[in-house]
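Structure below is start.csv: CSV, C-alpha atoms.
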chain,number,residue,atom,x,y,z
A,868,ALA,CA,0.0,0.0,0.0
A,869,GLN,CA,1.2,3.5,-0.8
A,870,SER,CA,2.2,5.6,2.2
A,871,VAL,CA,3.6,9.0,2.9
A,872,THR,CA,5.5,9.6,6.1
A,873,GLN,CA,6.2,12.9,7.8
A,874,LEU,CA,8.9,12.8,10.5
A,875,GLY,CA,8.1,15.0,13.4
A,876,SER,CA,4.6,15.9,14.4
A,877,HIS,CA,5.8,19.2,15.8
A,878,VAL,CA,8.7,21.4,14.7
A,879,SER,CA,9.7,24.7,16.4
A,880,VAL,CA,12.0,27.2,14.8
A,881,SER,CA,13.0,30.7,15.7
A,882,GLU,CA,11.9,33.6,13.5
A,883,GLY,CA,14.5,34.0,10.7
A,884,ALA,CA,15.8,30.4,11.0
A,885,LEU,CA,15.7,27.7,8.4
A,886,VAL,CA,12.5,25.6,8.2
A,887,LEU,CA,12.9,21.9,7.3
A,888,LEU,CA,9.9,19.6,7.2
A,889,ARG,CA,10.6,16.1,6.3
A,890,CYS,CA,8.5,13.8,4.0
A,891,ASN,CA,9.3,10.3,2.7
A,892,TYR,CA,7.1,8.3,0.4
A,893,SER,CA,6.9,4.6,-0.2
A,894,SER,CA,8.1,3.3,-3.6
A,895,SER,CA,4.5,2.3,-4.4
A,896,VAL,CA,3.4,6.0,-4.4
A,897,PRO,CA,3.3,7.3,-8.0
A,898,PRO,CA,5.8,10.3,-8.3
A,899,TYR,CA,3.1,12.9,-8.0
A,900,LEU,CA,3.9,14.7,-4.8
A,901,PHE,CA,2.4,17.8,-3.0
A,902,TRP,CA,2.8,19.9,0.0
A,903,TYR,CA,-0.2,21.6,1.6
A,904,VAL,CA,-0.6,24.1,4.4
A,905,GLN,CA,-3.6,24.3,6.8
A,906,TYR,CA,-4.2,27.3,9.0
A,907,PRO,CA,-6.5,26.9,12.0
A,908,ASN,CA,-10.1,26.1,11.2
A,909,GLN,CA,-9.5,26.3,7.5
A,910,GLY,CA,-9.2,24.0,4.6
A,911,LEU,CA,-6.0,22.9,2.9
A,912,GLN,CA,-4.1,25.2,0.5
A,913,LEU,CA,-1.5,24.0,-2.0
A,914,LEU,CA,2.1,25.1,-1.3
A,915,LEU,CA,3.8,23.4,-4.2
A,916,LYS,CA,3.7,20.3,-6.3
A,917,TYR,CA,6.2,18.0,-8.0
A,918,THR,CA,5.7,18.2,-11.8
A,919,SER,CA,8.7,16.0,-12.9
A,920,ALA,CA,10.1,18.9,-14.8
A,921,ALA,CA,12.7,19.7,-12.2
A,922,THR,CA,13.7,18.1,-8.9
A,923,LEU,CA,13.7,21.4,-7.0
A,924,VAL,CA,10.2,22.8,-6.9
A,925,LYS,CA,9.4,26.3,-5.8
A,926,GLY,CA,6.1,27.2,-4.2
A,927,ILE,CA,4.3,30.1,-2.6
A,928,ASN,CA,5.5,32.1,0.4
A,929,GLY,CA,9.2,31.3,-0.2
A,930,PHE,CA,8.8,27.5,0.3
A,931,GLU,CA,10.6,25.0,-1.9
A,932,ALA,CA,11.0,21.2,-1.9
A,933,GLU,CA,13.5,18.8,-3.5
A,934,PHE,CA,12.4,15.5,-5.0
A,935,LYS,CA,15.1,12.8,-4.4
A,936,LYS,CA,14.1,9.5,-5.9
A,937,SER,CA,17.1,7.7,-4.5
A,938,GLU,CA,16.0,8.6,-1.0
A,939,THR,CA,12.3,8.6,-1.7
A,940,SER,CA,12.1,12.0,0.0
A,941,PHE,CA,10.4,15.3,-0.7
A,942,HIS,CA,11.4,17.6,2.1
A,943,LEU,CA,10.0,21.1,2.4
A,944,THR,CA,12.3,24.0,3.2
A,945,LYS,CA,12.2,27.8,3.7
A,946,PRO,CA,15.4,29.7,4.3
A,947,SER,CA,14.0,32.2,6.8
A,948,ALA,CA,10.9,31.5,8.9
A,949,HIS,CA,8.2,34.2,9.4
A,950,MET,CA,5.6,34.3,12.2
A,951,SER,CA,2.9,33.9,9.5
A,952,ASP,CA,4.4,30.5,8.6
A,953,ALA,CA,3.0,29.0,11.8
A,954,ALA,CA,0.5,26.3,10.6
A,955,GLU,CA,0.2,22.6,9.9
A,956,TYR,CA,1.9,21.2,6.9
A,957,PHE,CA,0.9,18.1,5.0
A,958,CYS,CA,2.8,16.1,2.5
A,959,ALA,CA,0.8,14.1,0.0
A,960,GLY,CA,1.3,11.7,-2.9
A,961,GLY,CA,-0.5,9.7,-5.5
A,962,TYR,CA,-2.5,10.0,-8.7
A,963,GLN,CA,-6.1,8.8,-8.6
A,964,LYS,CA,-5.8,8.0,-5.0
A,965,VAL,CA,-3.9,10.7,-3.0
A,966,THR,CA,-2.5,9.7,0.4
A,967,PHE,CA,-1.6,12.3,3.0
A,968,GLY,CA,1.0,12.2,5.8
A,969,THR,CA,0.0,12.8,9.4
A,970,GLY,CA,1.0,16.4,9.3
A,971,THR,CA,3.7,18.6,11.0
A,972,LYS,CA,2.7,21.6,13.1
A,973,LEU,CA,5.2,24.4,12.7
A,974,GLN,CA,5.7,26.8,15.6
A,975,VAL,CA,7.7,29.9,14.9
A,976,ILE,CA,9.2,31.5,18.0
A,977,PRO,CA,9.7,35.3,18.0
B,1279,ASN,CA,-15.6,31.3,-8.2
B,1280,ALA,CA,-17.3,28.9,-5.8
B,1281,GLY,CA,-14.7,26.0,-6.1
B,1282,VAL,CA,-15.6,23.2,-3.7
B,1283,THR,CA,-18.6,23.8,-1.5
B,1284,GLN,CA,-19.4,21.6,1.5
B,1285,THR,CA,-22.6,21.7,3.5
B,1286,PRO,CA,-23.2,21.8,6.4
B,1287,LYS,CA,-20.3,23.4,8.1
B,1288,PHE,CA,-21.2,22.0,11.5
B,1289,GLN,CA,-23.4,19.1,12.5
B,1290,VAL,CA,-24.3,17.3,15.7
B,1291,LEU,CA,-25.8,13.8,15.4
B,1292,LYS,CA,-27.1,11.3,17.8
B,1293,THR,CA,-25.7,7.7,17.7
B,1294,GLY,CA,-27.6,5.7,15.1
B,1295,GLN,CA,-28.8,8.7,13.1
B,1296,SER,CA,-28.1,8.9,9.4
B,1297,MET,CA,-27.1,12.0,7.4
B,1298,THR,CA,-25.6,13.1,4.2
B,1299,LEU,CA,-22.7,15.5,3.8
B,1300,GLN,CA,-22.9,17.4,0.6
B,1301,CYS,CA,-20.1,18.3,-1.7
B,1302,ALA,CA,-20.3,20.2,-5.0
B,1303,GLN,CA,-17.7,21.6,-7.3
B,1304,ASP,CA,-18.1,23.9,-10.2
B,1305,MET,CA,-14.7,23.3,-11.9
B,1306,ASN,CA,-15.7,20.3,-14.0
B,1307,HIS,CA,-13.2,18.2,-12.2
B,1308,GLU,CA,-13.3,14.4,-12.8
B,1309,TYR,CA,-11.7,13.3,-9.6
B,1310,MET,CA,-13.4,13.8,-6.2
B,1311,SER,CA,-12.5,12.5,-2.8
B,1312,TRP,CA,-13.7,12.5,0.8
B,1313,TYR,CA,-11.2,12.6,3.7
B,1314,ARG,CA,-11.6,12.7,7.4
B,1315,GLN,CA,-9.1,14.6,9.6
B,1316,ASP,CA,-8.4,13.5,13.2
B,1317,PRO,CA,-5.8,14.9,15.5
B,1318,GLY,CA,-2.4,13.3,15.0
B,1319,MET,CA,-3.7,11.2,12.1
B,1320,GLY,CA,-3.6,13.6,9.2
B,1321,LEU,CA,-6.1,13.2,6.4
B,1322,ARG,CA,-7.4,9.7,5.7
B,1323,LEU,CA,-9.1,8.9,2.5
B,1324,ILE,CA,-12.6,7.5,2.9
B,1325,HIS,CA,-13.9,7.1,-0.7
B,1326,TYR,CA,-12.9,8.6,-4.0
B,1327,SER,CA,-14.3,8.8,-7.5
B,1328,VAL,CA,-12.6,9.2,-10.9
B,1329,GLY,CA,-15.8,10.1,-12.7
B,1330,ALA,CA,-19.6,10.0,-12.7
B,1331,GLY,CA,-20.8,6.5,-11.9
B,1332,ILE,CA,-17.4,5.4,-10.7
B,1333,THR,CA,-16.4,5.2,-7.0
B,1334,ASP,CA,-13.9,3.2,-5.0
B,1335,GLN,CA,-12.9,2.7,-1.4
B,1336,GLY,CA,-10.1,4.5,0.4
B,1337,GLU,CA,-8.3,3.7,3.6
B,1338,VAL,CA,-11.2,4.0,6.0
B,1339,PRO,CA,-14.5,3.3,4.1
B,1340,ASN,CA,-16.4,1.4,6.8
B,1341,GLY,CA,-19.6,3.2,7.9
B,1342,TYR,CA,-19.7,5.5,4.9
B,1343,ASN,CA,-21.3,5.3,1.4
B,1344,VAL,CA,-20.9,7.4,-1.6
B,1345,SER,CA,-22.4,7.8,-5.1
B,1346,ARG,CA,-21.4,10.0,-8.0
B,1347,SER,CA,-24.4,10.5,-10.3
B,1348,THR,CA,-23.1,13.8,-11.7
B,1349,THR,CA,-19.7,15.3,-12.3
B,1350,GLU,CA,-20.5,18.1,-9.9
B,1351,ASP,CA,-21.8,16.3,-6.8
B,1352,PHE,CA,-20.2,13.7,-4.5
B,1353,PRO,CA,-22.3,13.2,-1.3
B,1354,LEU,CA,-21.1,11.2,1.6
B,1355,ARG,CA,-23.6,9.2,3.6
B,1356,LEU,CA,-23.4,8.0,7.1
B,1357,LEU,CA,-26.0,5.3,7.5
B,1358,SER,CA,-25.8,4.8,11.3
B,1359,ALA,CA,-23.6,7.4,13.0
B,1360,ALA,CA,-21.2,6.3,15.7
B,1361,PRO,CA,-19.1,8.4,18.1
B,1362,SER,CA,-16.0,7.1,16.3
B,1363,GLN,CA,-17.1,9.1,13.2
B,1364,THR,CA,-16.7,12.4,15.1
B,1365,SER,CA,-14.3,14.2,12.9
B,1366,VAL,CA,-13.7,17.0,10.4
B,1367,TYR,CA,-14.6,15.9,6.9
B,1368,PHE,CA,-13.1,17.4,3.8
B,1369,CYS,CA,-14.1,17.0,0.2
B,1370,ALA,CA,-11.6,17.6,-2.5
B,1371,SER,CA,-11.7,17.7,-6.3
B,1372,ARG,CA,-9.0,17.5,-9.0
B,1373,ARG,CA,-8.8,17.5,-12.7
B,1374,GLY,CA,-8.6,14.0,-14.0
B,1375,GLN,CA,-7.1,11.8,-16.7
B,1376,GLY,CA,-4.7,13.5,-18.9
B,1377,ALA,CA,-3.9,16.2,-16.4
B,1378,LEU,CA,-0.9,14.9,-14.5
B,1379,ASN,CA,0.3,16.3,-11.2
B,1380,THR,CA,-2.8,18.4,-10.7
B,1381,GLU,CA,-3.4,19.5,-7.1
B,1382,ALA,CA,-6.6,18.9,-5.1
B,1383,PHE,CA,-8.9,21.8,-4.3
B,1384,PHE,CA,-10.5,21.5,-0.9
B,1385,GLY,CA,-13.7,22.5,0.6
B,1386,GLN,CA,-13.8,24.3,4.0
B,1387,GLY,CA,-14.8,21.2,5.9
B,1388,THR,CA,-17.7,19.8,7.9
B,1389,ARG,CA,-17.2,19.5,11.6
B,1390,LEU,CA,-19.3,16.5,12.7
B,1391,THR,CA,-19.9,15.5,16.3
B,1392,VAL,CA,-21.7,12.2,17.1
B,1393,VAL,CA,-23.0,12.0,20.7

Let me see the file written as structure tokens.
Amino acid sequence: AQSVTQLGSHVSVSEGALVLLRCNYSSSVPPYLFWYVQYPNQGLQLLLKYTSAATLVKGINGFEAEFKKSETSFHLTKPSAHMSDAAEYFCAGGYQKVTFGTGTKLQVIP
Amino acid sequence: NAGVTQTPKFQVLKTGQSMTLQCAQDMNHEYMSWYRQDPGMGLRLIHYSVGAGITDQGEVPNGYNVSRSTTEDFPLRLLSAAPSQTSVYFCASRRGQGALNTEAFFGQGTRLTVV
């Protein structure tokens, strides 16, 4: 069965520090990968998606992710965290059937 | 643009009651899905559809039924609600076959409590 794993249910960073949220996918997941963000009491919003055109994908709000097939990873990064980045982040993968990870809550400390 | 519309936004049910969560999209998307979101468990796929008349089970289908009679609508039915079905439910839609790597658009969710 396809699966997407997010390491770390909670991540805390200082404002201005690097953000790194980890995502690994099982080899049975088709190489269609996404990162979504969810703010409190809201739906999910797409941050970025892997299109197979380039392994480094740039998204909104300064986020980017690198697709590494050899490591089956699709980690999300942002060079400098802002207070407004505090939210829950979900990695997802699949084609007809899209599977989500369990989410990582990002806390940004002033 | 309406996008994906879910109704109701909030619902309280008694154990054993039935109800239907509505989902409609106006983007002519082929793929539609229902997820439930529970703390610490992320989003889990309940049922999905790749087109009108075609549905399939996801990870947690028990206790839920779906049908897809039109492209626009994908209702989720709880036949006999149980407290374990207390959750936030999200409907999502995507463009379908021939449109690779397309992202899902989500509704705002339905918060269901079963007492």

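Of the residues under consideration (A:Glu938, A:Arg889, A:Lys972, A:Val904), A:Val904 shows the shortest atom-to-atom contact distance to Gly926 in chain A when counting only C-alpha atoms.
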
Near Phe901 in chain A, within 12 Å and counting all atoms listed in the file, which residues show up once chain neighbours fewer than 3 positions away are dropped, as an mmCIF file with C-alpha atoms, in the coordinates of the input?
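What ended up in out-v4.cif:
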data_model
loop_
_atom_site.group_PDB
_atom_site.id
_atom_site.type_symbol
_atom_site.label_atom_id
_atom_site.label_comp_id
_atom_site.auth_asym_id
_atom_site.auth_seq_id
_atom_site.Cartn_x
_atom_site.Cartn_y
_atom_site.Cartn_z
ATOM 1 C CA VAL A 871 3.600 9.000 2.900
ATOM 2 C CA CYS A 890 8.500 13.800 4.000
ATOM 3 C CA ASN A 891 9.300 10.300 2.700
ATOM 4 C CA TYR A 892 7.100 8.300 0.400
ATOM 5 C CA VAL A 896 3.400 6.000 -4.400
ATOM 6 C CA PRO A 897 3.300 7.300 -8.000
ATOM 7 C CA PRO A 898 5.800 10.300 -8.300
ATOM 8 C CA VAL A 904 -0.600 24.100 4.400
ATOM 9 C CA LEU A 911 -6.000 22.900 2.900
ATOM 10 C CA GLN A 912 -4.100 25.200 0.500
ATOM 11 C CA LEU A 913 -1.500 24.000 -2.000
ATOM 12 C CA LEU A 914 2.100 25.100 -1.300
ATOM 13 C CA LEU A 915 3.800 23.400 -4.200
ATOM 14 C CA LYS A 916 3.700 20.300 -6.300
ATOM 15 C CA TYR A 917 6.200 18.000 -8.000
ATOM 16 C CA THR A 918 5.700 18.200 -11.800
ATOM 17 C CA SER A 919 8.700 16.000 -12.900
ATOM 18 C CA VAL A 924 10.200 22.800 -6.900
ATOM 19 C CA LYS A 925 9.400 26.300 -5.800
ATOM 20 C CA GLY A 926 6.100 27.200 -4.200
ATOM 21 C CA GLU A 931 10.600 25.000 -1.900
ATOM 22 C CA ALA A 932 11.000 21.200 -1.900
ATOM 23 C CA GLU A 933 13.500 18.800 -3.500
ATOM 24 C CA PHE A 934 12.400 15.500 -5.000
ATOM 25 C CA SER A 940 12.100 12.000 0.000
ATOM 26 C CA PHE A 941 10.400 15.300 -0.700
ATOM 27 C CA HIS A 942 11.400 17.600 2.100
ATOM 28 C CA LEU A 943 10.000 21.100 2.400
ATOM 29 C CA TYR A 956 1.900 21.200 6.900
ATOM 30 C CA PHE A 957 0.900 18.100 5.000
ATOM 31 C CA CYS A 958 2.800 16.100 2.500
ATOM 32 C CA ALA A 959 0.800 14.100 0.000
ATOM 33 C CA GLY A 960 1.300 11.700 -2.900
ATOM 34 C CA GLY A 961 -0.500 9.700 -5.500
ATOM 35 C CA TYR A 962 -2.500 10.000 -8.700
ATOM 36 C CA VAL A 965 -3.900 10.700 -3.000
ATOM 37 C CA THR A 966 -2.500 9.700 0.400
ATOM 38 C CA PHE A 967 -1.600 12.300 3.000
ATOM 39 C CA GLY A 968 1.000 12.200 5.800
ATOM 40 C CA ASN B 1379 0.300 16.300 -11.200
ATOM 41 C CA THR B 1380 -2.800 18.400 -10.700
ATOM 42 C CA GLU B 1381 -3.400 19.500 -7.100
ATOM 43 C CA ALA B 1382 -6.600 18.900 -5.100
#

Do a neighbour search on His949 in chain A at 10 Å with all atoms listed in the file, toss out local chain neighbours closer than 6 positions, and write the hits as an mmCIF file with C-alpha atoms, keeping the file's coordinate frame.
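Listed below is the output, result-v8.cif:
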data_model
loop_
_atom_site.group_PDB
_atom_site.id
_atom_site.type_symbol
_atom_site.label_atom_id
_atom_site.label_comp_id
_atom_site.auth_asym_id
_atom_site.auth_seq_id
_atom_site.Cartn_x
_atom_site.Cartn_y
_atom_site.Cartn_z
ATOM 1 C CA VAL A 880 12.000 27.200 14.800
ATOM 2 C CA SER A 881 13.000 30.700 15.700
ATOM 3 C CA GLU A 882 11.900 33.600 13.500
ATOM 4 C CA GLY A 883 14.500 34.000 10.700
ATOM 5 C CA ALA A 884 15.800 30.400 11.000
ATOM 6 C CA LEU A 885 15.700 27.700 8.400
ATOM 7 C CA VAL A 886 12.500 25.600 8.200
ATOM 8 C CA ASN A 928 5.500 32.100 0.400
ATOM 9 C CA GLN A 974 5.700 26.800 15.600
ATOM 10 C CA VAL A 975 7.700 29.900 14.900
ATOM 11 C CA ILE A 976 9.200 31.500 18.000
ATOM 12 C CA PRO A 977 9.700 35.300 18.000
#

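For the residues B:Thr1349, B:Gln1300, B:Thr1364, B:Gln1315, ranking by smallest atom-to-atom distance to Ser1327 in chain B using all atoms listed in the file places B:Thr1349 first.
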
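Distances from A:Ser876, A:Thr969, A:Gln869, A:Ser947 to Gly929 in chain A were compared using all atoms listed in the file, and the smallest one belongs to A:Ser947.
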
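Take the candidates B:Glu1308, B:Val1328, B:Gly1387, B:Leu1356 and check each one against Gln963 in chain A using all atoms listed in the file; the shortest distance goes to B:Val1328.
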
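Using only C-alpha atoms, the smallest distance between any of B:Pro1361, B:Gly1294, B:Pro1317, B:Pro1286 and chain A comes from B:Pro1317.
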
Check: Taking all atoms listed in the file into account, what are the residues of chain B at most 7 Å from chain A, put as a list of chain:residue names?
Finding: B:Gly1318, B:Met1319, B:Gly1320, B:Leu1321, B:Arg1322, B:Leu1323, B:Val1328, B:Asn1379, B:Phe1384, B:Gly1385, B:Gln1386, B:Gly1387

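Interatomic distance, CA of Met1305 in chain B against CA of Gly1281 in chain B: 6.4 Å.
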
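Around Gln1303 in chain B, within 8 Å and counting all atoms listed in the file, the residues found are Ala1280, Gly1281, Val1282, Thr1283, Glu1350, Asp1351 and Ser1371 of chain B, once anything fewer than 6 positions away on its own chain is removed.
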
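Taking only C-alpha atoms into account, Phe1352 in chain B lies nearest to B:Ser1311 out of the set B:Ser1311, B:Asn1306, B:Ser1296, B:Gln1289.
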
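CA of Val1366 in chain B is positioned 14.1 Å from CA of Tyr1342 in chain B.
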
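With CA of Thr1298 in chain B on one side and CA of Ala1370 in chain B on the other, the separation reads 16.2 Å.
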